[in-house]
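Since the structure comes first, as structure tokens, the remarks are kept for the end.
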Amino acid sequence: MFSLLIKETLYINEAAFGIAIGPYSANIFDPRSWGEEERHISLEVFPTGLFAIGVDLPKSYMAKHAKSLLAMVVPTMAIGWIIVAAVLKALFHNLSVVSCLAIAACLTPTDPVNSAAIVGGKYAVKHVPLNLRRILSAESAANDGLAYPFLTICLFLTVNPSTPNAVAEWFVIGWLYQVIMGTVLGTIIGIIFSKLLKLSNSRGIIDRASYVAQYIALVFLTIGVSSTLGSDDLLAAFACGSAISWDGEFNMQVEGELFSSVIEFVLNCSAFVYIGAWLNFADFSNHTLGIFPWKLIILLVAIIALRRIPAILALYRYIPEISDWKEALFSGHFGPMGVGALFISTLATTKLPTPHDPPQGQAELLSAMMQPIVAFIVLSSIVIRKPLR
């Protein structure tokens, strides 16, 4: 009842509410007390945001803007990945280069849930051109799914460092099976449902409300199928959303309907509340692991300054949607981290051994240090970019 007052006047967002009801305050909601399976299931709402971005883009958007997306996603992610890993290695000497690259893989992608809240906010609508908002939304959805290969190569080398065919396994599993198959799978599901919905509509056997219901049903179908097969459910959800709205008919049918927007809003709010309650502030200072607040602050400043800005400034001439260096600077600064980083780090820790106290070996050390570092950066990113929402 007081959401607008709380967010626009008091500058309190959903993550702050999560902290208020979490174990450090009211202790009503504690996600860390859940098992691994429950935590992973709770994060499956995250691909819904990627599906929504795909649906909201204009028809054939991905084909028309493929060159710009390729320039913004691949080199920007690769450069940011290496830079963040180098900063991590300089600050945390106990981590190996591969471990630093694994943590950097969690912090490299732009969070689509947070991005949607920013590019759809009043400040962005007023000051940021529509074409720039669209390319930033599409980029945030695409690069989250592409973070998998960056992470999986590091996990292969950490868990099985002596495996001679680790790179071959990474290419087959990380790229072909997860990324390519996830994209193709989501596209096929989206195309099939698009044709079925058009056929049903032409014969008058589906109403407008059922069209909107498919919005949510299709998300969970895509997530379920891709997760069962072990492919990239993030890219599958985004590809499915793009495919089902490729010709623009699905968008016309759901245009003006509030149900899908309300569901998306509720899921996004729940994601930020989850983050606030999930945070473990005690982990931000751990002498045994070499984690100190001053190191985390230096890491945060370095990420804000170096993770995206240099790459975008160097590449913006190849991106028609970015007209000048000012928009390039904004696009470089625009790189919120949130649910995506949490999702990927949670996935990574399920593949790593449970750490002892103190950790024994590099794999356990990575498992122990990954989420405290990611959690601090996510919290700081949400707080810093709150005025843009």
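Residues are referred to by chain and number: the chain letter is A, B, ... according to the order shown in the structure tokens, the number counts from 1 in that chain, and ligands are numbered separately from 1 in the order shown.
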Contacts of A:Asn94 within 9 Å, only C-alpha atoms, excl. fewer than 3 positions in-chain, as a PyMOL selection string: chain A and resi 89+289-290+362+365
List as a PyMOL selection string the protein and nucleic acid residues near stretch 132-139 of chain A, meaning an atom at most 10 Å away when only C-alpha atoms are counted, but skip any in the same chain fewer than 4 places from it. chain A and resi 50+53-54+56-58+61-62+65+68-74+109-113+115-116+118-120+124-125+128+143-144+238+242+319-323+327-328+330-331+334-335
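With only C-alpha atoms as the atoms that count, the minimum distance from A:Ile188 to the choices A:Leu299, A:Cys106, A:Ile206, A:Ala243 is reached by A:Ala243.
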Restricting the calculation to only C-alpha atoms, which member of A:Leu329, A:Val172, A:Ile103, A:Leu185 is positioned closest to A:Met369?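 Between A:Leu329, A:Val172, A:Ile103, A:Leu185, the residue approaching A:Met369 most closely is A:Ile103.
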Hey, what's within 9 Å of A:Tyr177 if we count only C-alpha atoms and toss same-chain stuff fewer than 6 positions away? As a ChimeraX atom specification, please? /A:171,230-232
Those residues you just picked out, can you put them in a file as a PDB file, in the first residue's frame with all heavy atoms?
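Listed below is the output, selection_38.pdb:
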ATOM      1  N   PHE A 171      34.443 -27.293 -24.204  1.00  0.00           N
ATOM      2  CA  PHE A 171      33.863 -26.908 -25.489  1.00  0.00           C
ATOM      3  C   PHE A 171      32.582 -27.699 -25.768  1.00  0.00           C
ATOM      4  O   PHE A 171      31.567 -27.141 -26.185  1.00  0.00           O
ATOM      5  CB  PHE A 171      34.877 -27.137 -26.618  1.00  0.00           C
ATOM      6  CG  PHE A 171      34.346 -26.794 -27.979  1.00  0.00           C
ATOM      7  CD1 PHE A 171      34.227 -25.472 -28.387  1.00  0.00           C
ATOM      8  CD2 PHE A 171      33.937 -27.802 -28.854  1.00  0.00           C
ATOM      9  CE1 PHE A 171      33.714 -25.154 -29.644  1.00  0.00           C
ATOM     10  CE2 PHE A 171      33.423 -27.493 -30.106  1.00  0.00           C
ATOM     11  CZ  PHE A 171      33.309 -26.162 -30.495  1.00  0.00           C
ATOM     12  N   GLY A 230      19.788 -30.420 -19.003  1.00  0.00           N
ATOM     13  CA  GLY A 230      21.090 -29.922 -18.576  1.00  0.00           C
ATOM     14  C   GLY A 230      21.650 -28.825 -19.441  1.00  0.00           C
ATOM     15  O   GLY A 230      22.851 -28.521 -19.373  1.00  0.00           O
ATOM     16  N   SER A 231      20.816 -28.186 -20.255  1.00  0.00           N
ATOM     17  CA  SER A 231      21.289 -27.090 -21.102  1.00  0.00           C
ATOM     18  C   SER A 231      21.091 -25.755 -20.384  1.00  0.00           C
ATOM     19  O   SER A 231      20.604 -25.706 -19.245  1.00  0.00           O
ATOM     20  CB  SER A 231      20.553 -27.087 -22.441  1.00  0.00           C
ATOM     21  OG  SER A 231      19.160 -26.959 -22.250  1.00  0.00           O
ATOM     22  N   ASP A 232      21.448 -24.671 -21.041  1.00  0.00           N
ATOM     23  CA  ASP A 232      21.431 -23.332 -20.443  1.00  0.00           C
ATOM     24  C   ASP A 232      19.992 -22.811 -20.403  1.00  0.00           C
ATOM     25  O   ASP A 232      19.449 -22.364 -21.411  1.00  0.00           O
ATOM     26  CB  ASP A 232      22.319 -22.404 -21.282  1.00  0.00           C
ATOM     27  CG  ASP A 232      22.551 -21.056 -20.621  1.00  0.00           C
ATOM     28  OD1 ASP A 232      21.695 -20.636 -19.835  1.00  0.00           O
ATOM     29  OD2 ASP A 232      23.582 -20.437 -20.912  1.00  0.00           O
TER      30      ASP A 232
END
Atom CA of A:Ala104 and atom CA of A:Val84, how far apart in Å?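 Computing the Euclidean distance for atom CA of A:Val84 and atom CA of A:Ala104 yields 5.6 Å.
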Taking the DSSP assignment computed from this structure's backbone, write out as a PyMOL selection string all residues of stretch 91-338 of chain A that belong to alpha helix (DSSP H). chain A and resi 91+97-107+112-119+122-127+130-145+147-159+166-169+181-202+208-229+233-244+249-254+259-278+293-306+309-315+325-333
Excluding same-chain residues fewer than 3 positions from A:Gly332, what lies within 10 Å of it counting only C-alpha atoms, as a ChimeraX atom specification? /A:72,76,304-313,316,326-329,335
Selection to disk with N, CA, C and O atoms, as a compact mmCIF listing (two decimals), in the first residue's frame:
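Once everything was written out, this is selection.txt:
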# COMPACT_ATOMS: atom_id res chain seq x y z
N MET A 72 28.68 -5.80 -28.25
CA MET A 72 28.49 -5.44 -26.85
C MET A 72 28.67 -6.63 -25.91
O MET A 72 29.15 -6.46 -24.79
N THR A 76 33.07 -7.32 -24.73
CA THR A 76 32.89 -6.61 -23.45
C THR A 76 32.95 -7.58 -22.29
O THR A 76 33.59 -7.31 -21.26
N ILE A 304 33.43 -1.10 -10.87
CA ILE A 304 32.63 0.00 -11.43
C ILE A 304 33.41 0.74 -12.52
O ILE A 304 32.88 1.09 -13.57
N ALA A 305 34.71 0.96 -12.28
CA ALA A 305 35.51 1.76 -13.20
C ALA A 305 36.02 0.98 -14.40
O ALA A 305 36.17 1.53 -15.50
N LEU A 306 36.30 -0.32 -14.23
CA LEU A 306 37.05 -1.06 -15.26
C LEU A 306 36.29 -2.21 -15.91
O LEU A 306 36.70 -2.67 -16.97
N ARG A 307 35.22 -2.67 -15.30
CA ARG A 307 34.56 -3.88 -15.80
C ARG A 307 33.94 -3.69 -17.18
O ARG A 307 34.01 -4.58 -18.04
N ARG A 308 33.34 -2.52 -17.44
CA ARG A 308 32.64 -2.31 -18.72
C ARG A 308 33.05 -1.03 -19.43
O ARG A 308 33.06 -0.98 -20.66
N ILE A 309 33.36 -0.01 -18.70
CA ILE A 309 33.57 1.32 -19.29
C ILE A 309 34.69 1.32 -20.34
O ILE A 309 34.47 1.82 -21.46
N PRO A 310 35.89 0.80 -20.07
CA PRO A 310 36.94 0.84 -21.11
C PRO A 310 36.53 0.10 -22.38
O PRO A 310 36.79 0.59 -23.50
N ALA A 311 35.91 -1.07 -22.24
CA ALA A 311 35.53 -1.86 -23.42
C ALA A 311 34.46 -1.15 -24.25
O ALA A 311 34.57 -1.08 -25.49
N ILE A 312 33.45 -0.60 -23.60
CA ILE A 312 32.37 0.07 -24.34
C ILE A 312 32.89 1.34 -25.02
O ILE A 312 32.53 1.64 -26.16
N LEU A 313 33.74 2.10 -24.33
CA LEU A 313 34.31 3.31 -24.93
C LEU A 313 35.15 2.96 -26.17
O LEU A 313 35.21 3.74 -27.12
N TYR A 316 32.24 1.52 -29.01
CA TYR A 316 30.94 2.12 -29.29
C TYR A 316 30.81 2.59 -30.75
O TYR A 316 29.69 2.71 -31.26
N LYS A 326 29.24 10.06 -24.60
CA LYS A 326 28.45 10.18 -23.38
C LYS A 326 27.53 8.99 -23.19
O LYS A 326 27.41 8.44 -22.09
N GLU A 327 26.87 8.58 -24.28
CA GLU A 327 26.03 7.39 -24.20
C GLU A 327 26.88 6.14 -23.98
O GLU A 327 26.44 5.21 -23.30
N ALA A 328 28.09 6.13 -24.53
CA ALA A 328 29.00 5.01 -24.31
C ALA A 328 29.41 4.94 -22.84
O ALA A 328 29.48 3.85 -22.25
N LEU A 329 29.66 6.10 -22.25
CA LEU A 329 30.03 6.13 -20.84
C LEU A 329 28.88 5.65 -19.97
O LEU A 329 29.08 4.88 -19.01
N GLY A 335 25.78 -1.46 -15.66
CA GLY A 335 26.12 -2.88 -15.60
C GLY A 335 25.75 -3.44 -14.25
O GLY A 335 26.60 -3.99 -13.54
What's around A:Ala282 at 12 Å? Count only C-alpha atoms, leave out sequence neighbours fewer than 4 positions away in its own chain, and write the answer as an NGL selection string. :A and (23-24 or 278 or 286-287 or 291-293 or 372-373 or 375-376)
Need to verify the contact set: A:Trp175, 12 Å, only C-alpha atoms, exclusion of same-chain residues closer than 2 positions in sequence. Can you return it as a list in words? Gly145, Leu146, Ala147, Tyr148, Pro149, Phe150, Leu151, Thr152, Ile153, Val167, Ala168, Glu169, Trp170, Phe171, Val172, Ile173, Tyr177, Gln178, Val179, Ile180, Met181, Gly182, Thr183, Ser231, Asp232 and Leu235 of chain A
